[in-house]
Amino acid sequence: METLSAARAQMEVSLAFHMVFAALGIGMPLLMTLAEALWLRTGRAHYRDLARKWAKATALTFAIGAVSGTALSFELGLLWPRFMAFAGGMIGPAFALEGYAFFLEAIFLGLYLYGWERLSPRAHLAAGAAVAASGVLSGILVVAANAWMQEPAGFRMVGGKAVEVSALAPFLSPAWEQMALHSTLSCYIATSFAAAGVYALGMLRGRRDAYHRAGLALTLAVGTAAALAQPLSGHLSAQHVARNQPAKLAAAEAHFHTRRGAPVLVGGIPDAAAGTVRGALRIPRLLSFLATNDFDGEVKGLDAAPRALWPNVAVTHLAFDVMVGSAFAMIGLGLWFWLLRWRRREPGRWLLRALVAGSPLGIVALEAGWIVTEVGRQPWIVRGVMLTSEGVTPVAGVAATFFGFSVLYLALGIALALLLRRLATGAPPSPDAAPRPAEAAHAG
Amino acid sequence: MLADLAAGLTLAALIAYAVLAGADFGGGIWDAFARGPRRDAQRDEIAHAMGPVWEANHVWLIFVVVLLFTCFPTAYAALSEGLFIPFHLVLLGIILRGAAFVFRAYSPQSVRRPGRPGRGARRWGAVFGAASVITPVLLGMCVGAVSAGGLRVAGGRVVVTGTAPWLRPLPLATGGFALAVCAYLAAVYLANETAGELREDFRRRALAAGTAVVAMSALMLPLLYVQAPHLWHGLLSVRAAPVLAVGVAAALLSGWALRERKPRLARAATVAQTACLLAGWGIAQHPYIIYPDVTIQGAAAHAATLRFVLWSTPFGMALLLPSLWWLFRVFKTPEIGSHGEPRSR
Ligand code: HDD
Ligand code: HEM
Ligand code: HEM
């Protein structure tokens, strides 16, 4: 395996792994804080039980998010030292501020998890809200670094060197706002639908108690609201990308030839060499409308960029369709649930089964969306400024570290899934059962 | 001047990491070496002490890394190339340590002997202990490699000659020293947070680790003199020597306080000792980040970036320090000596 492919693969595996926990780290604190707030307002014990259960799940996933995130901050240098030598100072301010957000998140999470009996109810709730807020903040800040790689700003290149560097470079990237919005929503969607599946499964197994019903309703309230907003936010992203990164949009849509009245292609297998797409469903003129607000607007195709600067079209297009398809599937699931509830009907077995089957969709969409963004940026590591191949490490042996880290993450993922399953299927904690020391020692 | 301030900030973050997270690694070391009739109680006490704070303590490392790549990007690139293998091993240790710590806490208990850890918990416990022993050694080796002079950089690229720079005698000794310091810090803190026989257990462990710290320093002195004369002279220079002298005095004080059973004084002195030793090393190392090829000035990022980092620090700290204070006040003051009985939660 050559170094560049190995480094890319290791970065992909590490980011894809981290991203699951980052999403949960942003979504779970919101859910647990909402549940606790509802408990304080209504005094209904099942809300407290939900908050406690979600707090335990957060404790587990946060630790994995923290260590895999640490790995990423080292890997930026280990795999892409030339990139970091060039860009470290420019994306650094985003990470420097993010450091404070991480700190606050870790501190308030410690207070929240271990402070159930030591803090007053209000202080405890406030600690939870602080975790949720700093989680969102850290996500938004790290996305600024990524946005800068998509659309670099805040410096000028003179003779191969960056000059007139602004300290606010990552925040000047025009891609930042829409990416921050879209990716924050995606974290809520991914977490809510994943958690909803747990309660749907419990109800399928006959546990239709207040605890399970509240769990399902609360997660789907957050999940459906965010899922409904997501196509709007995605539309903003797409319009922005069409204007500023036309090659990426063209790859995502498998749109080879610049033209007016361009169609949206759903599915199909793009053939980059021939510039054709086989077997796609065509929706005439929709792409022009979505990208330019005009059914006859011109949309740049891949032919507007030199062949050497095309991203991998097949991967980008497939990932884009997976993201958008999952979005509409989740919207369907959410609306189905709320329609039944509005008619005061209990969720039926088919809905519950569909919710179980659909619970990974949010995470799938999130990973697919990042593939659109990151693979669609290729071959650039900093678009228009530095090629990925220029950023890679000269050190030999990346194939070995890629292999080792993949095995490590796989093992950790399996172990965590087993522990989470035990946590999820355990009966709701009864208020007077004594906590077992091992758990008490960790999560109060 | 700006670059020196940024380097000082990075050193301060490194000191905070050593003093706080070093003790969490030390906790893992004593978990691995838990012995005697109170073995499970020792482990419970360690987990209880680390639980609420280790993640916050760990963020100091992220701070160090972020400061390095933001303020000294080319130095970070050179470190990442030159220490590719040990950094990966450090990551392995960090990932396994953190994951195993929470996984153990959530693993089921023994079915046959309630109250005792089950098989899964014991396995994760073993991983936790092993990773806690290995990681500080590797981190110490990296610090040693940076100042020993073996890591050469030319034209922004690392030049490899002979033995890997982190596997030479001085870095190896630094690794052992870091291990001893972590064990010492943890035992002293734990002696503060426990009572009765457990406190005696940890006090005895602190005395043993303190002896190991002295032994490792004695080993390092000739190595420094022979292999790294630049650092030896730096350490004895008028800038560094006073700081180191305070560190040595604090070390003696902490040993005395332990013998006299004054745990609070021992804790304060141990913190001062560790901080002074690292600060002294940093001062001796000045103006180099990687001796002898990468200097603070030479690797510094653009002035605007440095100014941003420095100016954002007081604001960030104004949010951070009160929150940290709250965390430690809630979890580190009361409830001493309530182990044994079930905790009130
Ligand atoms: C739950 C997850 C999820 C869902 C349901 C959607 N997305 Fe998405 N999408 C993401 C999760 C995501 C993401 C992982 O969060 C990305 C990667 C980078 C970013 O900012 O968000 C992303 C990127 C992304 C981009 C590229 C932006 C860029 O590179 O700057 C576009 C054009 C869209 N999305 C469009 C859509 C549309 C039109 C959707 C629905 C109809 C949609 N997304 C649903
Ligand atoms: C858009 C992508 C990313 C998002 C949204 C994100 C978000 C988060 C969040 C919310 C956490 C808190 C831990 C948790 O809740 O599990 C976290 C942890 C972390 N992330 Fe990421 N992250 C992203 C990518 C990265 C990248 C590329 C890096 C590397 C430079 C990184 C570095 C870290 C670090 C060091 C931590 C540990 C901090 C702690 O202890 O809390 N993240 N990330
Ligand atoms: C968190 C979600 C993210 C995911 C899932 C993700 C995914 C990916 C993927 C798939 C690649 C490889 C592209 C290819 O070569 O085909 C990549 C590369 C990379 N990403 Fe991201 N990315 C994410 C966020 C970020 C963020 C926040 C940063 C911030 C700095 C970042 C920095 C990089 C770097 C340095 C590379 C290596 C160069 C490259 O291959 O483009 N990524 N990422």
# chains A, B, ... in the order shown; residues from 1 in each chain; ligands from 1
call {"tool": "residues_around", "arguments": {"residues": "Leu76 of chain A", "least_positions_apart": "4", "cutoff": "10 Å", "atoms": "only C-alpha atoms", "output": "PDB file with C-alpha atoms, in the first residue's frame"}}
result
ATOM      1  CA  MET A  11      -7.642   9.401   8.270  1.00  0.00           C
ATOM      2  CA  ALA A  71      -5.915  10.516  18.175  1.00  0.00           C
ATOM      3  CA  LEU A  72      -7.190  12.841  15.428  1.00  0.00           C
ATOM      4  CA  TRP A  80      -0.260  15.255   7.041  1.00  0.00           C
ATOM      5  CA  PRO A  81       2.835  17.003   8.419  1.00  0.00           C
ATOM      6  CA  ARG A  82       3.363  19.120   5.282  1.00  0.00           C
ATOM      7  CA  PHE A  83      -0.255  20.224   5.423  1.00  0.00           C
ATOM      8  CA  MET A  84       0.061  21.113   9.090  1.00  0.00           C
ATOM      9  CA  GLY A  88      -1.506  24.609  11.268  1.00  0.00           C
ATOM     10  CA  VAL A 392       1.234  13.622   3.141  1.00  0.00           C
TER      11      VAL A 392
ATOM     12  CA  PHE B  69       0.559  23.149  15.875  1.00  0.00           C
ATOM     13  CA  TYR B  76       4.865  20.140  15.022  1.00  0.00           C
ATOM     14  CA  ALA B  77       5.414  18.734  11.556  1.00  0.00           C
ATOM     15  CA  SER B  80       5.254  14.216  13.921  1.00  0.00           C
TER      16      SER B  80
END
call {"tool": "interface_residues", "arguments": {"of": "chain B", "to": "chain A", "cutoff": "8 Å", "atoms": "only C-alpha atoms", "output": "number ranges by chain"}}
result
B: 44, 47-48, 51-53, 55-56, 59, 62-63, 65-67, 69-78, 80-81, 84, 87-88, 91, 94-95, 98-99, 102-103, 105-107, 109, 115, 117, 301-302, 304-305, 308-309, 312, 316, 320, 323-324, 327, 330, 342, 344-345
call {"tool": "select_by_dssp", "arguments": {"residues": "segment 27-274 of chain A", "states": "alpha helix (DSSP H)", "output": "JSON, numbers by chain"}}
result
{"A": [27, 28, 29, 30, 31, 32, 33, 34, 35, 36, 37, 38, 39, 40, 41, 42, 45, 46, 47, 48, 49, 50, 51, 52, 53, 54, 55, 56, 57, 58, 59, 60, 61, 62, 63, 64, 65, 66, 67, 68, 69, 70, 71, 72, 73, 74, 75, 76, 77, 78, 79, 81, 82, 83, 84, 85, 86, 87, 88, 89, 90, 91, 92, 93, 94, 95, 96, 97, 98, 99, 100, 101, 102, 103, 104, 105, 106, 107, 108, 109, 110, 111, 112, 113, 114, 121, 122, 123, 124, 125, 126, 127, 128, 129, 130, 131, 132, 133, 134, 135, 136, 137, 138, 139, 140, 141, 142, 143, 144, 145, 146, 147, 148, 149, 150, 169, 170, 171, 172, 176, 177, 178, 179, 180, 181, 182, 183, 184, 185, 186, 187, 188, 189, 190, 191, 192, 193, 194, 195, 196, 197, 198, 199, 200, 201, 202, 203, 204, 210, 211, 212, 213, 214, 215, 216, 217, 218, 219, 220, 221, 222, 223, 224, 225, 226, 227, 228, 229, 230, 231, 232, 233, 234, 235, 236, 237, 238, 239, 240, 241, 242, 243, 244, 246, 247, 248, 249, 250, 251, 252]}
call {"tool": "residues_around", "arguments": {"residues": "Ala6 of chain A", "least_positions_apart": "2", "cutoff": "9 Å", "atoms": "only C-alpha atoms", "output": "PyMOL selection string"}}
result
chain A and resi 1-4+8-11+397-403
call {"tool": "write_last_selection", "arguments": {"atoms": "all heavy atoms", "output": "compact mmCIF listing (two decimals), in the first residue's frame"}}
result
# COMPACT_ATOMS: atom_id res chain seq x y z
N MET A 1 0.86 -1.19 0.00
CA MET A 1 0.00 0.00 0.00
C MET A 1 0.89 1.24 0.00
O MET A 1 1.81 1.35 0.81
CB MET A 1 -0.83 -0.02 1.27
CG MET A 1 -2.15 0.68 1.15
SD MET A 1 -3.10 0.37 2.65
CE MET A 1 -4.61 1.21 2.25
N GLU A 2 0.68 2.16 -0.92
CA GLU A 2 1.54 3.34 -0.92
C GLU A 2 1.11 4.30 0.18
O GLU A 2 -0.03 4.25 0.65
CB GLU A 2 1.51 4.02 -2.30
CG GLU A 2 0.12 4.10 -2.87
CD GLU A 2 -0.14 5.41 -3.55
OE1 GLU A 2 0.77 6.25 -3.61
OE2 GLU A 2 -1.27 5.61 -4.00
N THR A 3 2.04 5.19 0.55
CA THR A 3 1.81 6.01 1.73
C THR A 3 0.55 6.86 1.60
O THR A 3 -0.25 6.95 2.54
CB THR A 3 3.04 6.92 1.96
OG1 THR A 3 4.18 6.08 2.11
CG2 THR A 3 2.85 7.74 3.21
N LEU A 4 0.32 7.47 0.43
CA LEU A 4 -0.83 8.37 0.32
C LEU A 4 -2.14 7.62 0.55
O LEU A 4 -2.99 8.07 1.31
CB LEU A 4 -0.82 9.05 -1.05
CG LEU A 4 -1.98 10.02 -1.29
CD1 LEU A 4 -1.98 11.13 -0.26
CD2 LEU A 4 -1.90 10.62 -2.69
N ARG A 8 -4.63 8.29 3.68
CA ARG A 8 -6.04 8.62 3.48
C ARG A 8 -6.94 7.64 4.20
O ARG A 8 -7.89 8.02 4.88
CB ARG A 8 -6.37 8.57 2.00
CG ARG A 8 -6.01 9.83 1.28
CD ARG A 8 -6.43 9.69 -0.14
NE ARG A 8 -6.47 10.97 -0.80
CZ ARG A 8 -6.72 11.10 -2.09
NH1 ARG A 8 -6.94 10.05 -2.83
NH2 ARG A 8 -6.76 12.31 -2.62
N ALA A 9 -6.59 6.36 4.05
CA ALA A 9 -7.44 5.35 4.66
C ALA A 9 -7.44 5.49 6.17
O ALA A 9 -8.48 5.41 6.83
CB ALA A 9 -6.96 3.96 4.25
N GLN A 10 -6.26 5.74 6.76
CA GLN A 10 -6.21 5.87 8.21
C GLN A 10 -7.00 7.09 8.67
O GLN A 10 -7.72 7.06 9.68
CB GLN A 10 -4.76 5.97 8.69
CG GLN A 10 -4.64 6.01 10.21
CD GLN A 10 -3.21 5.97 10.70
OE1 GLN A 10 -2.31 5.47 10.01
NE2 GLN A 10 -2.98 6.49 11.89
N MET A 11 -6.89 8.19 7.91
CA MET A 11 -7.64 9.40 8.27
C MET A 11 -9.14 9.14 8.17
O MET A 11 -9.90 9.55 9.05
CB MET A 11 -7.24 10.53 7.32
CG MET A 11 -7.65 11.91 7.76
SD MET A 11 -6.59 12.47 9.11
CE MET A 11 -7.56 13.83 9.74
N GLY A 397 5.72 3.22 6.51
CA GLY A 397 5.07 2.43 7.56
C GLY A 397 3.66 2.85 7.88
O GLY A 397 3.09 2.40 8.87
N VAL A 398 3.07 3.72 7.06
CA VAL A 398 1.70 4.15 7.34
C VAL A 398 0.73 2.99 7.14
O VAL A 398 -0.29 2.90 7.82
CB VAL A 398 1.30 5.35 6.47
CG1 VAL A 398 -0.07 5.85 6.86
CG2 VAL A 398 2.31 6.46 6.64
N ALA A 399 1.06 2.07 6.21
CA ALA A 399 0.16 0.94 6.01
C ALA A 399 -0.01 0.17 7.31
O ALA A 399 -1.12 -0.23 7.67
CB ALA A 399 0.72 0.02 4.92
N ALA A 400 1.09 0.01 8.07
CA ALA A 400 1.02 -0.73 9.32
C ALA A 400 0.17 0.01 10.35
O ALA A 400 -0.67 -0.60 11.02
CB ALA A 400 2.43 -0.96 9.87
N THR A 401 0.38 1.31 10.47
CA THR A 401 -0.42 2.03 11.48
C THR A 401 -1.89 2.07 11.07
O THR A 401 -2.77 1.97 11.92
CB THR A 401 0.11 3.47 11.68
OG1 THR A 401 0.14 4.13 10.42
CG2 THR A 401 1.48 3.46 12.28
N PHE A 402 -2.14 2.18 9.76
CA PHE A 402 -3.53 2.14 9.30
C PHE A 402 -4.17 0.82 9.72
O PHE A 402 -5.27 0.79 10.29
CB PHE A 402 -3.59 2.31 7.78
CG PHE A 402 -4.85 1.77 7.16
CD1 PHE A 402 -6.09 2.28 7.54
CD2 PHE A 402 -4.80 0.77 6.19
CE1 PHE A 402 -7.25 1.77 6.97
CE2 PHE A 402 -5.97 0.27 5.64
CZ PHE A 402 -7.19 0.76 6.03
N PHE A 403 -3.44 -0.25 9.48
CA PHE A 403 -3.98 -1.56 9.80
C PHE A 403 -4.21 -1.68 11.31
O PHE A 403 -5.29 -2.08 11.75
CB PHE A 403 -2.98 -2.61 9.32
CG PHE A 403 -3.63 -3.91 9.04
CD1 PHE A 403 -4.40 -4.05 7.91
CD2 PHE A 403 -3.50 -4.97 9.91
CE1 PHE A 403 -5.04 -5.24 7.65
CE2 PHE A 403 -4.12 -6.17 9.66
CZ PHE A 403 -4.89 -6.31 8.53
call {"tool": "residues_around", "arguments": {"residues": "segment 265-273 of chain B", "least_positions_apart": "3", "cutoff": "10 Å", "atoms": "only C-alpha atoms", "output": "number ranges by chain"}}
result
B: 15-16, 18-20, 181, 184-192, 206, 210, 243-262, 276-279
call {"tool": "closest_residue", "arguments": {"among": "A:Gly234, A:Pro170, A:Pro284, A:Gly362", "to": "ligand 3", "atoms": "only C-alpha atoms and all ligand atoms"}}
result
A:Pro170
call {"tool": "residues_near_ligand", "arguments": {"ligand": "ligand 1", "cutoff": "8 Å", "atoms": "only C-alpha atoms and all ligand atoms", "output": "PyMOL selection string"}}
result
chain A and resi 143+147+150+175+178-190+227+230-241+248-249+252+320+323-328+330+361-374+376-377
call {"tool": "residues_around", "arguments": {"residues": "segment 142-146 of chain B", "least_positions_apart": "4", "cutoff": "8 Å", "atoms": "only C-alpha atoms", "output": "list in words"}}
result
Leu83, Pro86, Phe87, Leu138, Gly150, Leu151, Pro165, Trp166, Arg168, Leu170, Pro171, Leu172, Thr174, Gly175, Ile289, Ile290 and Tyr291 of chain B
call {"tool": "write_last_selection", "arguments": {"atoms": "C-alpha atoms", "output": "mmCIF file, in the first residue's frame"}}
result
data_model
loop_
_atom_site.group_PDB
_atom_site.id
_atom_site.type_symbol
_atom_site.label_atom_id
_atom_site.label_comp_id
_atom_site.auth_asym_id
_atom_site.auth_seq_id
_atom_site.Cartn_x
_atom_site.Cartn_y
_atom_site.Cartn_z
ATOM 1 C CA LEU B 83 8.489 10.671 16.498
ATOM 2 C CA PRO B 86 6.330 6.688 19.617
ATOM 3 C CA PHE B 87 3.463 9.117 18.967
ATOM 4 C CA LEU B 138 6.534 6.792 26.035
ATOM 5 C CA GLY B 150 19.295 13.044 18.302
ATOM 6 C CA LEU B 151 16.321 14.353 16.358
ATOM 7 C CA PRO B 165 16.212 9.298 18.526
ATOM 8 C CA TRP B 166 13.677 8.179 21.123
ATOM 9 C CA ARG B 168 18.683 6.370 23.015
ATOM 10 C CA LEU B 170 18.767 9.619 27.791
ATOM 11 C CA PRO B 171 15.209 9.398 26.362
ATOM 12 C CA LEU B 172 14.864 5.927 27.899
ATOM 13 C CA THR B 174 13.489 10.201 30.881
ATOM 14 C CA GLY B 175 10.738 7.660 30.253
ATOM 15 C CA ILE B 289 11.961 23.414 20.633
ATOM 16 C CA ILE B 290 13.937 20.550 19.110
ATOM 17 C CA TYR B 291 17.635 20.807 19.986
#
call {"tool": "residues_around", "arguments": {"residues": "Gly282 of chain B", "least_positions_apart": "5", "cutoff": "10 Å", "atoms": "only C-alpha atoms", "output": "list of chain:residue names"}}
result
B:Ala7, B:Gly8, B:Leu11, B:Ala12, B:Ser147, B:Gly234, B:Leu235, B:Ala240, B:Cys276, B:Leu277, B:Pro287, B:Tyr288, B:Ile289
call {"tool": "write_last_selection", "arguments": {"atoms": "N, CA and C atoms", "output": "compact mmCIF listing (two decimals), in the first residue's frame"}}
result
# COMPACT_ATOMS: atom_id res chain seq x y z
N ALA B 7 5.49 30.00 23.67
CA ALA B 7 6.19 28.80 24.14
C ALA B 7 5.98 28.63 25.64
N GLY B 8 6.00 29.75 26.38
CA GLY B 8 5.76 29.66 27.82
C GLY B 8 4.38 29.13 28.12
N LEU B 11 4.38 25.47 27.61
CA LEU B 11 5.04 24.80 28.73
C LEU B 11 4.11 24.75 29.94
N ALA B 12 3.39 25.86 30.18
CA ALA B 12 2.47 25.88 31.33
C ALA B 12 1.39 24.82 31.15
N SER B 147 15.02 16.92 23.58
CA SER B 147 16.16 17.71 24.04
C SER B 147 17.48 16.99 23.94
N GLY B 234 22.59 24.07 30.39
CA GLY B 234 21.35 24.84 30.50
C GLY B 234 20.73 24.70 31.87
N LEU B 235 20.72 23.48 32.39
CA LEU B 235 20.08 23.24 33.68
C LEU B 235 20.84 23.95 34.79
N ALA B 240 18.02 28.73 34.91
CA ALA B 240 17.30 27.51 35.27
C ALA B 240 17.62 27.04 36.68
N CYS B 276 8.31 22.68 39.09
CA CYS B 276 9.64 23.32 39.00
C CYS B 276 10.56 22.50 38.11
N LEU B 277 10.50 21.19 38.22
CA LEU B 277 11.39 20.38 37.39
C LEU B 277 11.09 20.60 35.91
N PRO B 287 16.62 28.47 23.69
CA PRO B 287 15.53 28.86 22.79
C PRO B 287 15.11 27.75 21.83
N TYR B 288 15.40 26.50 22.16
CA TYR B 288 15.11 25.42 21.22
C TYR B 288 13.77 24.76 21.51
N ILE B 289 13.08 24.34 20.46
CA ILE B 289 11.96 23.41 20.63
C ILE B 289 12.50 22.01 20.42
call {"tool": "residues_around", "arguments": {"residues": "Ala209 of chain B", "least_positions_apart": "2", "cutoff": "7 Å", "atoms": "only C-alpha atoms", "output": "PyMOL selection string"}}
result
chain B and resi 180+183-184+205-207+211-213
